[in-house]
Every structure is written in structure tokens, then in C-alpha cells.
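Have a look at entry.csv below; it lists CSV, C-alpha atoms and all ligand atoms.
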chain,number,residue,atom,x,y,z
A,33,MET,CA,-104.7,-33.7,58.9
A,34,ILE,CA,-102.8,-30.4,58.6
A,35,MET,CA,-99.7,-32.2,59.7
A,36,ARG,CA,-100.1,-34.7,56.9
A,37,LYS,CA,-100.5,-32.0,54.3
A,38,TRP,CA,-97.3,-30.4,55.6
A,39,LEU,CA,-95.5,-33.7,55.4
A,40,ALA,CA,-96.7,-34.3,51.8
A,41,THR,CA,-95.6,-30.8,50.7
A,42,ALA,CA,-92.3,-31.1,52.4
A,43,SER,CA,-91.5,-34.4,50.9
A,44,LEU,CA,-92.5,-33.1,47.4
A,45,TRP,CA,-90.2,-30.2,47.8
A,46,THR,CA,-87.3,-32.2,49.1
A,47,GLY,CA,-87.8,-34.7,46.2
A,48,CYS,CA,-87.8,-31.9,43.6
A,49,MET,CA,-84.7,-30.3,45.2
A,50,LEU,CA,-82.8,-33.6,45.3
A,51,ALA,CA,-83.7,-34.3,41.7
A,52,GLY,CA,-82.1,-31.0,40.8
A,53,CYS,CA,-78.8,-32.1,42.4
A,54,ASP,CA,-77.7,-34.3,39.5
A,55,GLY,CA,-77.6,-34.1,35.7
A,56,PRO,CA,-75.3,-34.0,32.8
A,57,GLN,CA,-74.0,-30.5,33.7
A,58,ASN,CA,-73.5,-31.1,37.4
A,59,TYR,CA,-70.5,-29.0,38.2
A,60,MET,CA,-69.9,-30.7,41.5
A,61,GLN,CA,-69.0,-33.9,39.5
A,62,ALA,CA,-65.8,-32.7,38.1
A,63,GLY,CA,-64.4,-34.3,34.9
A,64,GLY,CA,-61.0,-32.5,35.0
A,65,PRO,CA,-58.6,-30.5,37.2
A,66,ALA,CA,-60.0,-27.0,36.6
A,67,ALA,CA,-63.6,-28.1,37.4
A,68,ALA,CA,-62.3,-30.1,40.4
A,69,LYS,CA,-60.8,-27.0,41.9
A,70,LEU,CA,-64.0,-25.1,41.4
A,71,ALA,CA,-66.1,-27.9,42.9
A,72,SER,CA,-63.9,-28.0,46.0
A,73,ILE,CA,-64.4,-24.2,46.5
A,74,GLY,CA,-68.1,-24.8,45.9
A,75,ALA,CA,-68.3,-27.5,48.5
A,76,PHE,CA,-66.3,-25.4,51.0
A,77,THR,CA,-68.5,-22.3,50.5
A,78,LEU,CA,-71.7,-24.4,50.7
A,79,ILE,CA,-70.6,-25.9,54.1
A,80,LEU,CA,-69.4,-22.6,55.5
A,81,PHE,CA,-72.5,-20.7,54.5
A,82,SER,CA,-74.8,-23.5,55.7
A,83,LEU,CA,-73.1,-23.3,59.1
A,84,VAL,CA,-73.6,-19.5,59.2
A,85,SER,CA,-77.3,-19.9,58.2
A,86,ILE,CA,-77.9,-22.5,60.9
A,87,VAL,CA,-76.4,-20.3,63.6
A,88,VAL,CA,-78.5,-17.3,62.4
A,89,LEU,CA,-81.7,-19.4,62.3
A,90,LEU,CA,-81.1,-20.8,65.8
A,91,LEU,CA,-80.6,-17.3,67.2
A,92,LEU,CA,-83.8,-16.2,65.6
A,93,LEU,CA,-85.6,-19.1,67.1
A,94,TRP,CA,-84.1,-18.4,70.5
A,95,VAL,CA,-85.3,-14.8,70.3
A,96,ALA,CA,-88.8,-15.9,69.2
A,97,VAL,CA,-89.0,-18.5,72.0
A,98,ARG,CA,-87.6,-16.2,74.7
A,99,ARG,CA,-90.1,-13.4,74.2
A,100,ARG,CA,-88.8,-11.2,77.0
A,101,GLY,CA,-89.6,-7.5,77.6
A,102,THR,CA,-91.2,-5.1,75.1
A,103,LEU,CA,-90.0,-3.7,71.8
A,104,GLU,CA,-89.4,-0.3,73.5
A,105,SER,CA,-87.2,-1.7,76.2
A,106,HIS,CA,-85.0,-3.4,73.6
A,107,ALA,CA,-84.8,-0.6,71.1
A,108,PRO,CA,-81.8,1.3,72.3
A,109,ILE,CA,-78.5,-0.5,72.1
A,110,ASP,CA,-77.6,-0.9,75.7
A,111,ALA,CA,-74.2,-1.3,77.1
A,112,ASP,CA,-74.7,-4.7,78.5
A,113,GLY,CA,-73.7,-6.8,75.5
A,114,GLY,CA,-75.9,-5.2,72.8
A,115,GLN,CA,-73.0,-3.6,71.1
A,116,ARG,CA,-70.9,-6.6,71.3
A,117,TRP,CA,-73.5,-8.6,69.3
A,118,ILE,CA,-73.4,-6.1,66.5
A,119,LEU,CA,-69.6,-5.8,66.4
A,120,VAL,CA,-69.0,-9.6,66.5
A,121,GLY,CA,-72.1,-10.9,64.7
A,122,GLY,CA,-72.6,-8.1,62.3
A,123,ILE,CA,-69.0,-7.1,61.4
A,124,ALA,CA,-66.3,-9.5,62.6
A,125,VAL,CA,-67.9,-12.8,61.6
A,126,PRO,CA,-69.0,-11.6,58.1
A,127,VAL,CA,-65.6,-10.1,57.4
A,128,ALA,CA,-63.8,-13.3,58.4
A,129,VAL,CA,-66.2,-15.5,56.4
A,130,LEU,CA,-66.1,-13.4,53.2
A,131,ALA,CA,-62.3,-13.0,53.5
A,132,THR,CA,-61.8,-16.7,53.7
A,133,VAL,CA,-64.0,-17.3,50.6
A,134,PHE,CA,-62.2,-14.4,48.7
A,135,VAL,CA,-58.7,-15.8,49.5
A,136,SER,CA,-59.6,-19.3,48.5
A,137,SER,CA,-61.1,-18.0,45.2
A,138,LEU,CA,-58.0,-16.0,44.5
A,139,GLN,CA,-55.9,-19.1,45.2
A,140,ALA,CA,-58.0,-21.2,42.8
A,141,MET,CA,-57.7,-18.5,40.0
A,142,SER,CA,-54.0,-18.5,40.2
A,143,HIS,CA,-53.8,-22.3,40.3
A,144,TYR,CA,-52.3,-23.8,37.1
A,145,PRO,CA,-55.1,-25.7,35.4
A,146,MET,CA,-57.6,-22.9,35.6
A,147,SER,CA,-55.9,-20.6,33.2
A,148,HIS,CA,-53.8,-20.8,30.1
A,149,GLN,CA,-50.1,-20.4,30.8
A,150,ASP,CA,-47.3,-18.7,28.8
A,151,GLY,CA,-47.6,-17.6,25.2
A,152,ALA,CA,-48.0,-21.1,23.7
A,153,ALA,CA,-50.2,-21.3,20.6
A,154,ALA,CA,-53.8,-22.4,21.2
A,155,ASP,CA,-55.0,-25.8,19.9
A,156,ILE,CA,-58.5,-24.8,19.2
A,157,ARG,CA,-60.3,-21.5,18.6
A,158,VAL,CA,-63.9,-21.4,19.7
A,159,THR,CA,-66.0,-18.7,18.2
A,160,GLY,CA,-69.4,-17.8,19.6
A,161,ARG,CA,-72.1,-16.8,17.1
A,162,GLN,CA,-75.8,-16.2,17.3
A,163,TRP,CA,-76.5,-19.1,18.1
A,164,TRP,CA,-73.9,-21.7,17.9
A,165,PHE,CA,-70.3,-22.4,18.8
A,166,ASN,CA,-67.7,-23.2,16.2
A,167,ALA,CA,-64.5,-25.1,17.1
A,168,GLU,CA,-61.6,-24.5,14.7
A,169,TYR,CA,-58.6,-26.8,15.0
A,170,LEU,CA,-55.6,-24.5,14.6
A,171,GLY,CA,-52.5,-25.8,12.9
A,172,HIS,CA,-54.4,-28.3,10.8
A,173,THR,CA,-54.5,-26.4,7.5
A,174,VAL,CA,-53.8,-29.1,5.0
A,175,HIS,CA,-56.9,-28.5,2.9
A,176,GLY,CA,-58.2,-25.6,4.9
A,177,ARG,CA,-59.1,-25.4,8.6
A,178,VAL,CA,-60.9,-28.2,10.4
A,179,ASN,CA,-64.1,-26.7,11.7
A,180,SER,CA,-66.3,-28.6,14.1
A,181,PRO,CA,-69.5,-26.7,14.9
A,182,THR,CA,-71.3,-27.6,18.2
A,183,GLU,CA,-68.9,-30.5,18.9
A,184,ILE,CA,-65.4,-30.2,20.3
A,185,HIS,CA,-63.2,-33.3,20.3
A,186,ILE,CA,-60.2,-33.5,22.6
A,187,PRO,CA,-57.7,-36.2,23.6
A,188,VAL,CA,-58.3,-37.5,27.1
A,189,GLY,CA,-55.8,-36.7,29.8
A,190,ARG,CA,-54.0,-34.0,27.8
A,191,PRO,CA,-54.3,-30.2,28.5
A,192,VAL,CA,-55.9,-28.4,25.6
A,193,ASP,CA,-55.5,-24.7,25.1
A,194,ILE,CA,-58.6,-22.9,23.8
A,195,GLU,CA,-58.8,-19.4,22.4
A,196,LEU,CA,-62.2,-17.8,22.9
A,197,VAL,CA,-63.6,-15.1,20.5
A,198,THR,CA,-67.0,-13.9,19.3
A,199,ARG,CA,-68.3,-12.8,15.9
A,200,ASP,CA,-71.2,-10.8,17.3
A,201,VAL,CA,-72.4,-10.2,20.9
A,202,ILE,CA,-71.0,-11.4,24.2
A,203,HIS,CA,-71.3,-15.1,24.8
A,204,SER,CA,-70.0,-17.3,27.5
A,205,PHE,CA,-68.3,-20.7,27.1
A,206,TRP,CA,-69.3,-23.1,29.8
A,207,ILE,CA,-68.7,-26.8,30.2
A,208,PRO,CA,-69.7,-27.2,33.9
A,209,LYS,CA,-67.9,-30.5,34.4
A,210,LEU,CA,-64.6,-29.2,32.8
A,211,HIS,CA,-64.3,-25.5,33.5
A,212,GLY,CA,-66.0,-22.4,34.9
A,213,LYS,CA,-67.7,-19.9,32.6
A,214,VAL,CA,-65.4,-17.7,30.5
A,215,ASP,CA,-66.9,-14.9,28.4
A,216,LEU,CA,-66.4,-14.4,24.7
A,217,VAL,CA,-66.1,-10.6,24.3
A,218,PRO,CA,-66.1,-8.7,21.0
A,219,GLY,CA,-62.5,-7.4,20.3
A,220,MET,CA,-60.9,-9.6,22.9
A,221,THR,CA,-59.3,-13.0,22.9
A,222,ASN,CA,-59.6,-15.0,26.1
A,223,ARG,CA,-57.7,-18.2,26.8
A,224,ILE,CA,-58.5,-21.2,28.9
A,225,ARG,CA,-57.0,-24.7,29.4
A,226,ILE,CA,-59.2,-27.7,29.8
A,227,ARG,CA,-58.4,-31.3,30.5
A,228,ALA,CA,-60.7,-34.2,30.7
A,229,ASP,CA,-59.5,-37.0,33.0
A,230,GLU,CA,-61.9,-39.7,31.7
A,231,PRO,CA,-63.2,-40.4,28.2
A,232,GLY,CA,-66.8,-39.3,27.7
A,233,VAL,CA,-69.1,-36.6,26.5
A,234,PHE,CA,-69.4,-33.4,28.5
A,235,SER,CA,-72.2,-31.1,27.6
A,236,GLY,CA,-72.2,-27.3,27.9
A,237,GLU,CA,-74.0,-24.2,26.9
A,238,CYS,CA,-73.7,-20.5,26.4
A,239,GLY,CA,-73.7,-19.0,29.9
A,240,GLU,CA,-74.5,-15.4,29.0
A,241,PHE,CA,-77.8,-14.2,27.6
A,242,CYS,CA,-77.1,-13.4,23.9
A,243,GLY,CA,-80.5,-13.0,22.3
A,244,ALA,CA,-83.6,-14.9,21.3
A,245,GLN,CA,-82.1,-18.3,20.9
A,246,HIS,CA,-79.6,-18.2,23.7
A,247,ALA,CA,-81.1,-21.3,25.3
A,248,ASN,CA,-80.5,-23.2,22.1
A,249,MET,CA,-76.8,-22.4,22.0
A,250,ARG,CA,-75.2,-25.6,23.4
A,251,LEU,CA,-72.2,-27.8,22.6
A,252,GLN,CA,-70.6,-31.0,23.5
A,253,VAL,CA,-67.0,-31.9,24.3
A,254,VAL,CA,-66.1,-35.4,23.3
A,255,ALA,CA,-63.0,-36.6,25.2
A,256,GLN,CA,-61.5,-39.7,23.5
A,257,SER,CA,-58.3,-41.7,23.6
A,258,ALA,CA,-55.3,-40.4,21.6
A,259,GLU,CA,-55.9,-42.9,18.8
A,260,GLU,CA,-59.6,-42.2,18.5
A,261,PHE,CA,-58.9,-38.5,18.5
A,262,ASP,CA,-56.2,-38.7,15.9
A,263,ARG,CA,-58.5,-40.8,13.7
A,264,TRP,CA,-61.3,-38.3,14.1
A,265,LEU,CA,-59.0,-35.4,13.2
A,266,ARG,CA,-57.7,-37.3,10.2
A,267,ASP,CA,-61.2,-37.9,9.0
A,268,GLN,CA,-62.2,-34.3,9.6
A,269,ARG,CA,-59.2,-33.0,7.7
A,270,ALA,CA,-60.3,-34.8,4.5
A,271,ASN,CA,-62.3,-32.8,2.0
A,272,ALA,CA,-66.0,-33.7,1.7
A,273,ARG,CA,-67.0,-37.0,0.2
A,274,GLU,CA,-68.0,-37.0,-3.5
A,275,PRO,CA,-71.7,-37.8,-4.0
A,276,GLN,CA,-72.2,-41.4,-5.0
A,277,THR,CA,-75.8,-42.1,-5.8
A,278,SER,CA,-77.8,-40.1,-8.4
A,279,SER,CA,-79.9,-38.6,-5.6
A,280,GLN,CA,-76.9,-37.4,-3.8
A,281,LYS,CA,-75.6,-35.9,-7.0
A,282,ILE,CA,-78.9,-34.0,-7.5
A,283,GLY,CA,-78.7,-32.9,-3.9
A,284,GLN,CA,-75.3,-31.5,-4.4
A,285,GLN,CA,-76.5,-29.5,-7.5
A,286,VAL,CA,-79.4,-28.2,-5.5
A,287,PHE,CA,-77.0,-27.2,-2.7
A,288,MET,CA,-74.7,-25.3,-5.1
A,289,SER,CA,-77.4,-23.6,-7.0
A,290,ALA,CA,-79.7,-22.7,-4.1
A,291,ALA,CA,-78.6,-20.1,-1.5
A,292,CYS,CA,-76.9,-22.8,0.7
A,293,ALA,CA,-73.5,-22.3,-0.8
A,294,LEU,CA,-73.5,-18.6,0.0
A,295,CYS,CA,-73.7,-19.3,3.7
A,296,HIS,CA,-72.1,-22.7,4.1
A,297,THR,CA,-68.7,-24.3,3.4
A,298,VAL,CA,-68.4,-27.8,2.0
A,299,ARG,CA,-64.6,-28.2,1.5
A,300,GLY,CA,-63.6,-29.5,-1.9
A,301,THR,CA,-66.6,-27.9,-3.6
A,302,PRO,CA,-67.2,-24.2,-4.6
A,303,ALA,CA,-69.3,-23.7,-1.5
A,304,LEU,CA,-67.2,-21.4,0.7
A,305,GLY,CA,-69.9,-19.5,2.7
A,306,GLN,CA,-68.9,-18.4,6.2
A,307,VAL,CA,-72.3,-17.3,7.7
A,308,GLY,CA,-73.4,-20.8,8.8
A,309,PRO,CA,-71.7,-23.9,10.2
A,310,ASP,CA,-69.2,-25.7,8.0
A,311,LEU,CA,-71.0,-28.7,6.5
A,312,THR,CA,-68.0,-30.6,5.2
A,313,HIS,CA,-68.6,-33.4,7.7
A,314,VAL,CA,-72.0,-32.6,9.0
A,315,ALA,CA,-73.2,-36.2,9.0
A,316,SER,CA,-70.4,-37.1,11.5
A,317,ARG,CA,-71.8,-34.9,14.2
A,318,GLY,CA,-74.4,-35.9,16.9
A,319,HIS,CA,-76.3,-32.6,16.9
A,320,ILE,CA,-77.2,-29.7,14.6
A,321,ALA,CA,-78.5,-26.2,15.1
A,322,GLY,CA,-76.4,-25.3,18.1
A,323,GLY,CA,-77.2,-28.6,19.8
A,324,MET,CA,-80.9,-28.0,19.7
A,325,LEU,CA,-81.7,-31.0,17.5
A,326,PRO,CA,-80.2,-34.5,17.3
A,327,ASN,CA,-78.7,-35.1,13.9
A,328,ASN,CA,-80.8,-37.5,11.8
A,329,ARG,CA,-82.6,-37.6,8.5
A,330,GLY,CA,-85.9,-36.2,9.9
A,331,THR,CA,-84.4,-33.3,11.7
A,332,LEU,CA,-82.1,-32.4,8.8
A,333,THR,CA,-85.0,-32.3,6.4
A,334,ALA,CA,-87.2,-30.4,8.7
A,335,TRP,CA,-84.3,-27.9,9.5
A,336,VAL,CA,-83.5,-27.2,5.8
A,337,SER,CA,-87.1,-26.4,5.0
A,338,HIS,CA,-88.3,-24.8,8.2
A,339,ALA,CA,-85.3,-23.4,10.1
A,340,GLN,CA,-87.3,-20.4,11.2
A,341,GLU,CA,-90.2,-22.5,12.7
A,342,LEU,CA,-87.7,-24.6,14.6
A,343,LYS,CA,-85.4,-21.9,15.8
A,344,PRO,CA,-87.2,-18.5,15.3
A,345,GLY,CA,-84.8,-15.7,14.6
A,346,SER,CA,-81.8,-17.9,13.7
A,347,ARG,CA,-79.6,-16.7,11.0
A,348,MET,CA,-80.7,-19.4,8.6
A,349,PRO,CA,-83.7,-18.3,6.5
A,350,ASP,CA,-86.6,-20.6,5.5
A,351,LEU,CA,-86.1,-21.8,2.0
A,352,PRO,CA,-89.6,-22.4,0.7
A,353,GLY,CA,-88.7,-22.6,-3.0
A,354,LEU,CA,-87.5,-26.2,-2.8
A,355,THR,CA,-89.7,-29.0,-4.2
A,356,GLY,CA,-90.2,-32.3,-2.3
A,357,GLU,CA,-87.8,-34.1,-4.6
A,358,GLN,CA,-85.2,-31.5,-4.2
A,359,LEU,CA,-85.5,-31.6,-0.4
A,360,ILE,CA,-85.2,-35.4,-0.4
A,361,ALA,CA,-82.1,-35.2,-2.6
A,362,LEU,CA,-80.6,-32.5,-0.4
A,363,SER,CA,-81.1,-34.7,2.7
A,364,ASP,CA,-79.5,-37.6,0.9
A,365,TYR,CA,-76.5,-35.4,0.0
A,366,LEU,CA,-76.2,-33.9,3.5
A,367,GLN,CA,-76.4,-37.4,5.1
A,368,SER,CA,-73.6,-38.6,2.9
A,369,LEU,CA,-71.2,-35.9,4.2
A,370,GLU,CA,-69.6,-38.1,6.9
A,401,LIG,C1,-78.3,-16.7,5.0
A,401,LIG,C2,-77.4,-17.8,5.3
A,401,LIG,C3,-77.9,-19.2,5.2
A,401,LIG,C4,-78.4,-19.9,4.1
A,401,LIG,C5,-78.8,-19.3,2.8
A,401,LIG,C6,-78.5,-21.3,4.4
A,401,LIG,N1,-78.1,-21.5,5.7
A,401,LIG,FE1,-78.0,-23.2,6.7
A,401,LIG,N2,-77.4,-22.3,8.4
A,401,LIG,C7,-77.2,-21.0,8.5
A,401,LIG,C8,-76.9,-20.6,9.9
A,401,LIG,C9,-76.6,-19.3,10.5
A,401,LIG,C10,-77.0,-21.9,10.6
A,401,LIG,C11,-76.9,-22.0,12.1
A,401,LIG,C12,-78.1,-21.6,12.8
A,401,LIG,C13,-78.2,-21.9,14.3
A,401,LIG,O1,-77.9,-23.0,14.7
A,401,LIG,O2,-78.5,-20.9,15.0
A,401,LIG,C14,-77.3,-22.9,9.6
A,401,LIG,C15,-77.5,-24.2,9.9
A,401,LIG,C16,-77.6,-25.2,9.0
A,401,LIG,C17,-77.5,-26.6,9.2
A,401,LIG,C18,-77.2,-27.3,10.6
A,401,LIG,C19,-75.7,-27.5,10.7
A,401,LIG,C20,-75.2,-27.6,12.1
A,401,LIG,O3,-74.1,-28.2,12.3
A,401,LIG,O4,-75.8,-27.0,13.0
A,401,LIG,C21,-77.7,-27.3,8.0
A,401,LIG,C22,-77.7,-28.8,7.8
A,401,LIG,C23,-77.9,-26.3,7.0
A,401,LIG,N3,-77.8,-25.0,7.6
A,401,LIG,C24,-78.2,-26.5,5.7
A,401,LIG,C25,-78.5,-25.6,4.8
A,401,LIG,C26,-79.0,-25.9,3.4
A,401,LIG,C27,-79.1,-27.2,2.8
A,401,LIG,C28,-79.2,-24.7,2.8
A,401,LIG,C29,-79.8,-24.4,1.5
A,401,LIG,C30,-81.0,-25.1,1.1
A,401,LIG,C31,-78.9,-23.6,3.8
A,401,LIG,N4,-78.5,-24.2,5.0
A,401,LIG,C32,-79.0,-22.3,3.6
A,401,LIG,C33,-77.2,-20.0,7.5
A,401,LIG,C34,-77.7,-20.3,6.2
A,402,CU,CU,-74.5,-17.2,23.4

Give the structure from the file, written as C-alpha cells.
Ligand code: HEC
Ligand SMILES: [Cu+2]
Amino acid sequence: MIMRKWLATASLWTGCMLAGCDGPQNYMQAGGPAAAKLASIGAFTLILFSLVSIVVLLLLLWVAVRRRGTLESHAPIDADGGQRWILVGGIAVPVAVLATVFVSSLQAMSHYPMSHQDGAAADIRVTGRQWWFNAEYLGHTVHGRVNSPTEIHIPVGRPVDIELVTRDVIHSFWIPKLHGKVDLVPGMTNRIRIRADEPGVFSGECGEFCGAQHANMRLQVVAQSAEEFDRWLRDQRANAREPQTSSQKIGQQVFMSAACALCHTVRGTPALGQVGPDLTHVASRGHIAGGMLPNNRGTLTAWVSHAQELKPGSRMPDLPGLTGEQLIALSDYLQSLE
């Protein structure tokens, strides 16, 4: 009976632990060279430390089973081998194991794809803000910078240099399948180089506690073929679409006359606010609010009227003064910004 309970508990635990081994942010399934290097160190350390644990557990078991003598008779470190155990098992082995891990980490850090090389200009500047990431495409200034909040597009197979800065507190940029964590520190500019080997979407998140909505500070890296990437960039460089329907036109007026324009930019209009995400092409993105919500009509409308209920503490206030019609028109307008 007891045995069966144990078995049930053990299999439940094992199941839970195995289920935790996979997921969209499994760093052991590398999507590029920098992450592959980290995954190989990860596997190496896991094996090494597991071996050490097994040896220690077996020794403990041996002591428990042997049960010889009394505690007193074992207390002093005797000359016949007691000291050797401590010297070898307590000092020599740990030093050797930790030194091996240290050297392999140093090697990985100096390895090319982990870090940005030479003084070449960065392709993208990622800015951390409470609580969303902005990606700014440097060197594409035709009508003003291309900003892509919460979604970074990169061409597949090509190294992309990223500059990391923050507007407020310390954040950490982490795309587990592409790169290790790198902090965004006030007053500093950090650089990394990422490369995705296969097309796909790689999700990531802020890796450093940065306030109330830290858990809702996520982002996605979309790796696409060179042609798709160029097309995306061309679309993003264009100014915002002009409103077409009468509802979209009313929505635009509401946007410009309500507080929205003070905090948000819609390129090609007088809205030039810098507090919130750039909305020039908001409808082209998969997620809003730092990756917390999928982007669709329902979430957009809910967000615009109840940002504080959805993401308490976020830097977007509730705007309760809007009527139902104004809200519908605003959603029509926002959804037309592809
Ligand atoms: C005081 C500044 C401020 C005002 C006013 C404001 N917003 Fe925002 N808005 C923000 C901030 C900051 C965020 C990002 C919040 C987060 O994700 O933590 C945001 C996010 C958004 C988003 C999601 C965009 C994305 O990519 O994540 C939309 C859409 C939006 N605001 C629309 C509006 C509209 C429409 C109005 C006017 C009715 C408005 N905002 C007024 C600051 C503001
Ligand atoms: Cu953060």
C-alpha cells in the first residue's frame, strides 16, 4: 500500500519535472551559435555535477549501511586515511571541478559569436522601459526611425549587432534560444551579437526584476528570410496609413485630441509622444503591452479603456472620458495602422 503511494508520488514528480524540460524558451534547444555555445557548457556542467552528486550520494549510502563504531570513535581525524579523504574529496576534487567549469566558461565568453566585435555600428538599439522593450532600427531614418516595440525582426543566418540601453531601471535582455542574459544598465551601452540559424519566432523576456510588471515584459524575435525581412523593413519605414473609413477618421481625431498623442508617436501625423510605444504600425504586430496580450480588436479596445486594470502600475493611464462610440472609432483607427 505504502509502496504504491510512493510510486504514484514519484511518477507524478517525474512527470512534472520532465514537462518542465521543454517549452518555447528552452535554452538547451539552441537557435543560433551563441546559444549553442551556452547549451554545450550547460550540458557539460550538468553531466559533471551529476557525476559528483552520484559519487557523494553513494558514499553517504555506504556510510549509512556500514554503521561501524560510535560517533566518538570517529570524531577525531585519525591518521589512517581520514585526512586524505578531506584533502582529496573536500579540496582537490572541488578545485578541479570548479576550475574546469570556470575555464570552459571563460573560453565561451571570448568565443566570437557571444560578443560584439570591433567598433562596427549596431543594427538595432534595444531600449528597456517599464515595462516593454523597444527595438529601433538604426540607419533607417528616411521618415524618422523605425521603431518596433515588443517585436524584433532579423534576417535569418546573418549576425545582427544589438546595442542595449535602458530609460529607467536595470532590465535584462534574454532570448534563451539565441543568447544568454545581458543587462541593460542606466548610463551604459552594452553590445551583443545574435544570429538565428533557422527562420522562426523566438520568445524572450526581461531577466532582471524591474518592478511590478516585470513578468509582463516580454518580446519576440522574428527571424525571416532576407526578402521577407527587407519587405518588413520597407513597410515599417513608411509613414502611418491615412484613415480611410469615416469611423477611422473619427478615431484619428479622437487620438489627436485625447491625451494619446502626448505619449505615442504615429509617424506622418502630429502625434510625436515618446512615453509609450510607437503606434505607426501597431496593427502589424502580434502582441501589445510588452507581450502580455495578443493583438486583436478585443484586446486593443480593452487596453485603451482599461490599461490599469489589465497591467496595474503600467505607465499608460486609464482614459475613462471616452464614450462608447469614440472607443469603437479609436479601435477602428488603431486596427488600420498596419
Ligand atoms: C501618459 C502616457 C500615455 C497616454 C496618455 C496614453 N498611452 Fe498608450 N501607452 C503608454 C505606455 C507607457 C504604454 C506601454 C505600457 C506597457 O506595456 O507597459 C502604452 C501602450 C499602448 C498601446 C499598446 C501598444 C504596444 O505596442 O504595446 C496602445 C495601443 C496604446 N497605448 C494606445 C493609446 C491610446 C489610444 C491612447 C489615448 C486614448 C493612449 N494610448 C494614451 C502611455 C500612454
Ligand atoms: Cu525589465

Protein and nucleic residues near ligand CU 402 (chain A), 6 Å, only C-alpha atoms and all ligand atoms, as a ChimeraX atom specification: /A:163,203,238,240,242,246,249

What does the file look like for those residues with C-alpha atoms, as a PDB file, in the coordinates of the input?
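Result went into result23.pdb, see below:
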ATOM      1  CA  TRP A 163     -76.500 -19.100  18.100  1.00  0.00           C
ATOM      2  CA  HIS A 203     -71.300 -15.100  24.800  1.00  0.00           C
ATOM      3  CA  CYS A 238     -73.700 -20.500  26.400  1.00  0.00           C
ATOM      4  CA  GLU A 240     -74.500 -15.400  29.000  1.00  0.00           C
ATOM      5  CA  CYS A 242     -77.100 -13.400  23.900  1.00  0.00           C
ATOM      6  CA  HIS A 246     -79.600 -18.200  23.700  1.00  0.00           C
ATOM      7  CA  MET A 249     -76.800 -22.400  22.000  1.00  0.00           C
TER       8      MET A 249
END

Protein and nucleic acid residues within 6 Å of ligand LIG 401 (chain A) (only C-alpha atoms and all ligand atoms) as a list in words: Gln162, Trp163, Trp164, Pro181, Phe287, Ala290, Ala291, Cys292, Cys295, Val307, Gly308, Pro309, Val314, Ile320, Ala321, Gly322, Leu332, Val336, Ser346, Arg347, Met348 and Pro349 of chain A

For atom CA of A:Arg98 and atom CA of A:Ile86, the interatomic separation in Å (one decimal): 18.0 Å

Report as number ranges by chain all protein, DNA and RNA residues lying within 7 Å of A:Asp364, evaluated on only C-alpha atoms, omitting residues in the same chain fewer than 6 positions from it. A: 279-280, 283

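Distances from A:Gln268, A:Ser82, A:Thr182, A:Thr159 to A:Leu216 were compared using all atoms listed in the file, and the smallest one belongs to A:Thr159.
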
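Across the structure, atom CA of A:Arg161 and atom CA of A:Gly219 are spaced 13.8 Å apart.
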
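Between A:Gln306 and the residues A:Leu119, A:Met49, A:Leu265, A:Leu294, the shortest atom-to-atom distance, using all atoms listed in the file, involves A:Leu294.
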
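Atom to atom, atom CA of A:Lys281 and atom CA of A:Val178 stand 24.0 Å apart.
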
A:Ala152, A:Ala272, A:Ala303, A:Val88 ranked by distance to A:Ser368, top pick (using all atoms listed in the file): A:Ala272

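Neighbouring residues of A:Gly236 at 10 Å or closer, counting all atoms listed in the file and skipping chain neighbours under 4 positions away, are Pro56, Gln57, Thr182, Phe205, Trp206, Ile207, Pro208, Lys209, Leu210, His211, Lys213, Met249, Arg250, Leu251, Gln252, Val253 and Gly323 of chain A.
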
Which residues are close to stretch 187-194 of chain A, i.e. within 7 Å by all atoms listed in the file, leaving aside same-chain residues fewer than 4 positions away? Reply as number ranges by chain. A: 148, 154-158, 223-231, 255-258, 261

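Distance check against A:Arg199 using only C-alpha atoms: of A:Ile186, A:Ala140, A:Met220, A:Val135, the minimum falls on A:Met220.
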
Near-A:His313 list (10 Å; only C-alpha atoms; drop same-chain fewer than 3 positions) as a compact mmCIF listing (two decimals) with C-alpha atoms, in the frame of the given file:
# COMPACT_ATOMS: atom_id res chain seq x y z
CA VAL A 178 -60.90 -28.20 10.40
CA ASN A 179 -64.10 -26.70 11.70
CA SER A 180 -66.30 -28.60 14.10
CA PRO A 181 -69.50 -26.70 14.90
CA ASP A 267 -61.20 -37.90 9.00
CA GLN A 268 -62.20 -34.30 9.60
CA ARG A 269 -59.20 -33.00 7.70
CA ALA A 270 -60.30 -34.80 4.50
CA ASN A 271 -62.30 -32.80 2.00
CA ALA A 272 -66.00 -33.70 1.70
CA ARG A 273 -67.00 -37.00 0.20
CA VAL A 298 -68.40 -27.80 2.00
CA ARG A 299 -64.60 -28.20 1.50
CA ASP A 310 -69.20 -25.70 8.00
CA SER A 316 -70.40 -37.10 11.50
CA ARG A 317 -71.80 -34.90 14.20
CA LEU A 366 -76.20 -33.90 3.50
CA GLN A 367 -76.40 -37.40 5.10
CA SER A 368 -73.60 -38.60 2.90
CA LEU A 369 -71.20 -35.90 4.20
CA GLU A 370 -69.60 -38.10 6.90

Distance query 12 Å from (-69.8, -28.4, 38.2) using all atoms listed in the file, result as a ChimeraX atom specification: /A:53-75,206-213,234-236
